[in-house]
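What follows is the content of input_36.txt (compact mmCIF, C-alpha atoms).
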```txt
# COMPACT_ATOMS: atom_id res chain seq x y z
CA MET A 111 73.96 127.11 22.56
CA ARG A 112 73.92 123.87 24.62
CA VAL A 113 73.30 124.26 28.33
CA SER A 114 75.52 121.92 30.36
CA GLN A 115 73.75 119.61 32.69
CA PRO A 116 74.87 119.09 36.31
CA PHE A 117 77.35 116.27 36.67
CA ALA A 118 75.99 113.22 38.40
CA ALA A 119 77.51 109.91 39.39
CA ARG A 120 75.00 108.14 37.17
CA ASP A 121 76.72 109.67 34.14
CA LEU A 122 79.85 107.56 34.83
CA PRO A 123 80.25 104.03 33.52
CA ALA A 124 79.25 101.41 36.05
CA ASP A 125 82.76 99.91 36.22
CA LEU A 126 84.18 103.23 37.47
CA LEU A 127 81.78 103.56 40.33
CA VAL A 128 83.64 102.46 43.49
CA GLU A 129 82.17 102.88 46.91
CA THR A 130 84.60 104.51 49.29
CA PRO A 131 83.91 103.42 52.87
CA LEU A 132 83.69 106.13 55.46
CA PRO A 133 86.56 106.10 57.93
CA SER A 134 85.62 104.22 61.08
CA PRO A 135 86.05 105.85 64.48
CA ILE A 136 89.41 105.25 66.11
CA GLN A 137 89.18 102.28 68.46
CA VAL A 138 91.10 102.91 71.66
CA PRO A 139 91.75 99.59 73.41
CA THR A 140 90.86 99.53 77.05
CA ARG A 141 93.74 98.21 79.14
CA THR A 142 94.32 97.76 82.80
CA LEU A 143 97.37 99.15 84.45
CA ALA A 144 100.61 97.53 83.44
CA PRO A 145 102.08 95.20 86.09
CA ARG A 146 104.74 97.78 86.96
CA GLY A 147 102.05 100.40 87.45
CA GLU A 148 99.96 98.13 89.64
CA TRP A 149 102.96 97.30 91.82
CA ALA A 150 103.91 100.96 92.15
CA ARG A 151 100.40 101.86 93.24
CA ALA A 152 100.16 98.90 95.65
CA TRP A 153 103.60 99.49 97.16
CA ALA A 154 102.72 103.12 97.79
CA ALA A 155 100.11 101.93 100.31
CA ALA A 156 101.59 101.38 103.77
CA ARG A 157 98.96 98.74 104.57
CA PHE A 158 99.92 96.66 101.54
CA ARG A 159 103.64 96.85 102.39
CA GLY A 160 102.99 95.87 105.98
CA GLN A 161 100.76 92.91 105.12
CA LEU A 162 103.11 91.63 102.44
CA LEU A 163 106.12 91.76 104.73
CA ALA A 164 104.10 90.20 107.57
CA VAL A 165 102.93 87.21 105.53
CA LEU A 166 106.40 86.58 104.11
CA LEU A 167 107.88 86.74 107.59
CA LEU A 168 105.26 84.36 108.98
CA LEU A 169 105.57 81.92 106.08
CA VAL A 170 109.34 81.89 105.53
CA GLY A 171 110.56 82.88 108.96
CA GLY A 172 107.92 81.18 111.10
CA LEU A 173 106.31 78.14 109.48
CA VAL A 174 109.07 76.76 107.26
CA PRO A 175 111.65 76.41 110.08
CA ILE A 176 109.29 74.46 112.37
CA MET A 177 107.83 72.17 109.70
CA PRO A 178 110.57 69.49 109.78
CA ALA A 179 110.22 68.97 113.54
CA TYR A 180 106.43 69.02 113.30
CA PHE A 181 106.18 66.38 110.58
CA HIS A 182 108.84 64.26 112.26
CA LEU A 183 106.63 64.23 115.35
CA ILE A 184 103.57 63.39 113.28
CA GLN A 185 105.38 60.49 111.63
CA GLN A 186 106.19 58.94 115.04
CA ARG A 187 102.59 58.93 116.28
CA ALA A 188 100.17 56.05 116.24
CA GLY A 189 97.02 56.57 114.22
CA PHE A 190 93.83 55.05 112.92
CA LEU A 191 93.39 53.01 109.75
CA LEU A 192 90.17 54.02 108.03
CA PRO A 193 87.88 51.85 105.93
CA ASP A 194 87.47 53.42 102.50
CA PRO A 195 85.09 51.66 100.09
CA LEU A 196 85.69 54.26 97.35
CA LEU A 197 89.45 53.74 97.50
CA ALA A 198 88.97 50.01 97.04
CA LEU A 199 87.24 50.61 93.70
CA LEU A 200 90.18 52.50 92.20
CA PRO A 201 93.25 50.96 90.54
CA ARG A 202 96.60 51.11 92.30
CA ALA A 203 99.63 52.44 90.41
CA ASP A 204 102.70 54.61 90.79
CA VAL A 205 101.63 57.97 89.32
CA ALA A 206 103.99 60.22 91.26
CA GLN A 207 105.44 61.86 88.15
CA PRO A 208 102.08 63.05 86.74
CA VAL A 209 101.15 64.35 90.19
CA PHE A 210 104.32 66.44 90.45
CA LEU A 211 104.00 67.71 86.87
CA LEU A 212 100.41 68.82 87.40
CA MET A 213 101.10 70.22 90.86
CA TYR A 214 104.17 72.31 90.13
CA GLY A 215 103.08 73.21 86.63
CA SER A 216 99.90 74.65 88.14
CA VAL A 217 101.85 76.50 90.83
CA LEU A 218 104.25 78.09 88.34
CA ALA A 219 101.48 79.09 85.93
CA ALA A 220 99.29 80.56 88.68
CA LEU A 221 102.19 82.45 90.27
CA ALA A 222 103.13 83.91 86.89
CA TRP A 223 99.59 85.24 86.63
CA LEU A 224 99.33 86.41 90.25
CA THR A 225 102.58 88.36 90.18
CA ARG A 226 100.89 90.72 87.70
CA HIS A 227 98.15 91.45 90.26
CA PRO A 228 99.70 92.41 93.62
CA ALA A 229 96.44 92.63 95.58
CA LEU A 230 95.41 89.13 94.51
CA LEU A 231 98.93 87.83 95.15
CA LEU A 232 98.82 89.22 98.68
CA ARG A 233 95.52 87.48 99.37
CA GLY A 234 96.85 84.27 97.85
CA LEU A 235 99.95 84.32 100.07
CA TRP A 236 97.84 84.81 103.17
CA ALA A 237 95.47 82.07 102.04
CA TYR A 238 98.34 79.63 101.53
CA THR A 239 99.79 80.47 104.94
CA LEU A 240 96.40 79.94 106.57
CA LEU A 241 95.98 76.70 104.62
CA LEU A 242 99.27 75.40 106.05
CA LEU A 243 98.18 76.36 109.57
CA LEU A 244 94.80 74.69 109.10
CA ARG A 245 96.43 71.55 107.76
CA MET A 246 98.87 71.35 110.67
CA LEU A 247 95.99 71.75 113.10
CA VAL A 248 93.73 69.17 111.46
CA ILE A 249 96.54 66.61 111.04
CA TRP A 250 97.26 66.97 114.76
CA LEU A 251 93.59 66.54 115.69
CA VAL A 252 92.99 63.59 113.34
CA PRO A 253 95.87 61.09 113.71
CA LEU A 254 95.77 58.57 110.87
CA VAL A 255 97.97 55.94 109.31
CA PRO A 256 98.02 55.60 105.52
CA PRO A 257 96.22 52.85 103.57
CA LEU A 258 97.98 49.49 103.84
CA ASP A 259 98.75 49.34 100.11
CA ILE A 260 100.32 52.82 99.97
CA LEU A 261 102.93 53.56 97.32
CA PRO A 262 105.09 56.20 99.06
CA MET A 263 105.43 59.39 97.06
CA PRO A 264 108.27 61.51 98.47
CA ASP A 265 107.91 65.05 97.19
CA PRO A 266 111.34 66.58 96.47
CA PHE A 267 110.16 70.14 97.07
CA THR A 268 108.29 69.57 100.33
CA ALA A 269 111.09 67.30 101.51
CA LEU A 270 113.51 70.16 100.94
CA CYS A 271 111.39 72.80 102.69
CA PHE A 272 109.16 71.06 105.21
CA HIS A 273 110.49 67.61 106.12
CA ALA A 274 113.44 66.29 108.03
CA GLU A 275 116.31 65.13 105.86
CA ALA A 276 115.88 61.68 104.26
CA GLU A 277 112.55 61.09 106.06
CA ILE A 278 109.51 60.04 104.05
CA ILE A 279 106.33 61.44 105.57
CA THR A 280 103.22 59.27 105.10
CA LYS A 281 100.97 60.31 107.99
CA ASP A 282 100.18 63.85 106.83
CA LEU A 283 96.82 62.62 105.61
CA PHE A 284 93.76 64.66 106.46
CA PHE A 285 93.55 66.72 104.32
CA SER A 286 95.37 66.38 100.98
CA GLY A 287 97.88 69.21 100.68
CA HIS A 288 98.52 68.75 96.95
CA THR A 289 94.82 68.87 96.11
CA ALA A 290 94.10 71.78 98.45
CA THR A 291 96.98 73.87 97.11
CA VAL A 292 95.84 73.70 93.49
CA ALA A 293 92.20 74.22 94.51
CA LEU A 294 93.36 77.34 96.34
CA LEU A 295 95.12 78.58 93.21
CA ALA A 296 91.89 78.09 91.25
CA LEU A 297 90.22 80.45 93.71
CA ALA A 298 93.06 82.97 93.68
CA VAL A 299 93.21 83.63 89.92
CA ARG A 300 90.60 85.37 87.82
CA GLY A 301 89.16 84.47 84.44
CA ARG A 302 86.96 81.54 83.49
CA GLY A 303 89.69 79.77 81.51
CA TRP A 304 92.28 80.00 84.29
CA ARG A 305 89.89 78.85 86.96
CA LEU A 306 88.56 75.93 84.93
CA ALA A 307 92.09 74.77 84.05
CA LEU A 308 93.29 74.89 87.66
CA ALA A 309 90.11 73.27 88.96
CA ALA A 310 90.59 70.44 86.45
CA ALA A 311 94.21 70.08 87.59
CA ALA A 312 93.08 69.90 91.23
CA LEU A 313 90.50 67.25 90.32
CA ALA A 314 93.11 65.21 88.44
CA ILE A 315 95.60 65.46 91.31
CA GLY A 316 92.92 64.34 93.77
CA GLY A 317 92.25 61.23 91.69
CA LEU A 318 95.91 60.45 91.18
CA VAL A 319 96.88 60.61 94.86
CA LEU A 320 94.13 58.07 95.49
CA VAL A 321 95.52 55.80 92.79
CA GLN A 322 98.91 56.21 94.48
CA ARG A 323 97.21 55.30 97.79
CA VAL A 324 98.91 58.15 99.67
CA HIS A 325 95.53 59.50 100.81
CA TYR A 326 92.07 58.36 101.72
CA SER A 327 89.16 59.61 99.66
CA TYR A 328 88.06 61.64 102.71
CA ASP A 329 91.32 63.59 102.54
CA VAL A 330 90.75 64.53 98.92
CA LEU A 331 87.06 65.39 99.28
CA ALA A 332 87.79 67.69 102.23
CA ALA A 333 90.69 69.50 100.53
CA PRO A 334 88.65 71.99 98.42
CA LEU A 335 86.55 72.90 101.47
CA PHE A 336 89.63 73.82 103.48
CA ALA A 337 91.05 75.69 100.48
CA TRP A 338 87.86 77.74 100.28
CA LEU A 339 87.94 78.40 104.04
CA ALA A 340 91.56 79.58 103.89
CA TYR A 341 90.83 81.85 100.93
CA TRP A 342 87.75 83.30 102.60
CA LEU A 343 89.68 83.99 105.82
CA ALA A 344 92.46 85.62 103.80
CA GLY A 345 89.91 87.86 102.13
CA ARG A 346 88.65 89.01 105.51
CA LEU A 347 92.20 89.60 106.67
CA VAL A 348 93.44 91.71 103.77
CA ARG A 349 90.19 93.59 103.19
```
Represent the supplied structure as structure tokens.
Amino acid sequence: MRVSQPFAARDLPADLLVETPLPSPIQVPTRTLAPRGEWARAWAAARFRGQLLAVLLLLVGGLVPIMPAYFHLIQQRAGFLLPDPLLALLPRADVAQPVFLLMYGSVLAALAWLTRHPALLLRGLWAYTLLLLLRMLVIWLVPLVPPLDILPMPDPFTALCFHAEAEIITKDLFFSGHTATVALLALAVRGRGWRLALAAAALAIGGLVLVQRVHYSYDVLAAPLFAWLAYWLAGRLVR
């Protein structure tokens, strides 16, 4: 009588041998709170509600109403014309449209990101409010007239919110508000890609307003420093 041998995989033809991979562990993606969850948690804190309402009241109810009279006063003042060797090296052209596209495209993109992160949005709002206050103070302390070959660049949004009707403001020089605003947004967001993109936009805007001759190079170079100062102060305030 034949004794059966134990069955082994080597007894099968080679073409029937198929390796079956072991099931991999279940990968559970790590996710932060959804925007609605973050807002619910933030709004539950009385300090957050108070600071958000305070900054909106100061910005919309305090600064915006006085801006037209302030800039009208600035526009009537005498000022100093500065020598600017760097400005003389740059071409002169009307580049208002690229400036506005970069500026407001950056603002919309950054706000879309910040609205998903209420704590960072709160700090950004305070930083922007402080930036406006700093700019008003420095413009008052440093009265300037624009370069002689300026190509006026009336901003439809700021004209609507901050300037007197039908008045073109050209003496709001030191420091560059367009450059500082986008530099501030680069500080407010998180993520290497976002920050690099907004920093590049701020750099491009700084160069373009010089080509437009609506600012001195000093105004543009100082703008990121004031943006950093405003963001740092806002961090101390909301901490």
Check your understanding: Closest to Leu231 in chain A among A:Leu162, A:Leu197, A:Ala154, A:Val217, using all atoms listed in the file?
Key ->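 Ranked by minimum distance to Leu231 in chain A, first place goes to A:Leu162.
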Check your understanding: Mind pulling up the distance from CA of Tyr326 in chain A to CA of Met177 in chain A?
Key ->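 Here the two named atoms are 22.4 Å from each other.
Here CA of Leu261 in chain A and CA of Val324 in chain A stand 6.5 Å from one another.
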Practice item. Kindly give the distance, in Å, that separates CA of Pro253 in chain A and CA of His182 in chain A, rounded to a single decimal. Key: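 Computing it gives 13.4 Å between the two atoms.
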Exercise for review: Counting only C-alpha atoms, figure out which residue out of A:Leu283, A:Ala164, A:Ala310, A:Ala332 gets nearest to Trp250 in chain A.
Suggested key: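 Of A:Leu283, A:Ala164, A:Ala310, A:Ala332, the one nearest Trp250 in chain A is A:Leu283, counting only C-alpha atoms.
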**Study point:** Nearest to Ala203 in chain A, chosen from A:Asp282, A:Asp265, A:Glu148, A:Asp259, with all atoms listed in the file counted in the distances
**Key:** A:Asp259
Exercise for review: Kindly indicate which residue among A:Tyr238, A:Leu251, A:Trp149, A:Gly160 lies nearest to Ile184 in chain A, using all atoms listed in the file for the distances.
Suggested key: A:Leu251
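Closest to Leu254 in chain A among A:Leu343, A:Leu192, A:Leu169, A:Ala314 is A:Leu192, based on all atoms listed in the file.
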Review point. Hey, what's within 12 Å of Pro228 in chain A if we count all atoms listed in the file and toss same-chain stuff fewer than 4 positions away? As a list in words, please?
Key: Leu143, Ala144, Pro145, Arg146, Gly147, Glu148, Trp149, Ala150, Arg151, Ala152, Trp153, Ala154, Ala155, Phe158, Arg159, Gln161, Leu162, Leu221, Ala222, Trp223, Leu224, Leu232, Arg233, Gly234, Leu235, Ala298, Val299 and Val348 of chain A
Practice item. May I ask which of the residues A:Val165, A:Ala206, A:Leu196, A:Ala296 is the closest one to Pro266 in chain A, counting only C-alpha atoms? Key: A:Ala206
Exercise for review: Do a neighbour search on Leu200 in chain A at 12 Å with only C-alpha atoms, toss out local chain neighbours closer than 6 positions, and write the hits as a PyMOL selection string.
Suggested key: chain A and resi 194+317-323+326-327
Practice item. Write out as a PyMOL selection string the residues lying within 12 Å of Leu183 in chain A, counting all atoms listed in the file and excluding same-chain residues fewer than 5 positions away. Key: chain A and resi 176-178+188+246+249-250+253+273-274+277+279-282
Review point. Got a sec: who's within 6 Å of Val255 in chain A, counting all atoms listed in the file, leaving out chain neighbours fewer than 6 positions off, as a list in words?
Key: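 Here the qualifying residues turn out to be Gly189, Phe190, Leu191 and Lys281 of chain A.
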Check your understanding: Need the neighbours of (93.9, 67.8, 90.4): which residues are at most 12 Å away, counting all atoms listed in the file, as a PyMOL selection string?
Key -> chain A and resi 208-217+286-296+306-320+330-331+333-334
Check your understanding: If you count all atoms listed in the file, which residues fall within 9 Å of Gly345 in chain A, apart from same-chain ones fewer than 4 positions away, as a PyMOL selection string?
Key -> chain A and resi 233-234+236-237+340-341+349
Expected file contents, prior selection, C-alpha atoms, as a PDB file, in the coordinates of the input:
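Below is the file selection_7.pdb, written as the result:
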```
ATOM      1  CA  ARG A 233      95.520  87.480  99.370  1.00  0.00           C
ATOM      2  CA  GLY A 234      96.850  84.270  97.850  1.00  0.00           C
ATOM      3  CA  TRP A 236      97.840  84.810 103.170  1.00  0.00           C
ATOM      4  CA  ALA A 237      95.470  82.070 102.040  1.00  0.00           C
ATOM      5  CA  ALA A 340      91.560  79.580 103.890  1.00  0.00           C
ATOM      6  CA  TYR A 341      90.830  81.850 100.930  1.00  0.00           C
ATOM      7  CA  ARG A 349      90.190  93.590 103.190  1.00  0.00           C
TER       8      ARG A 349
END
```
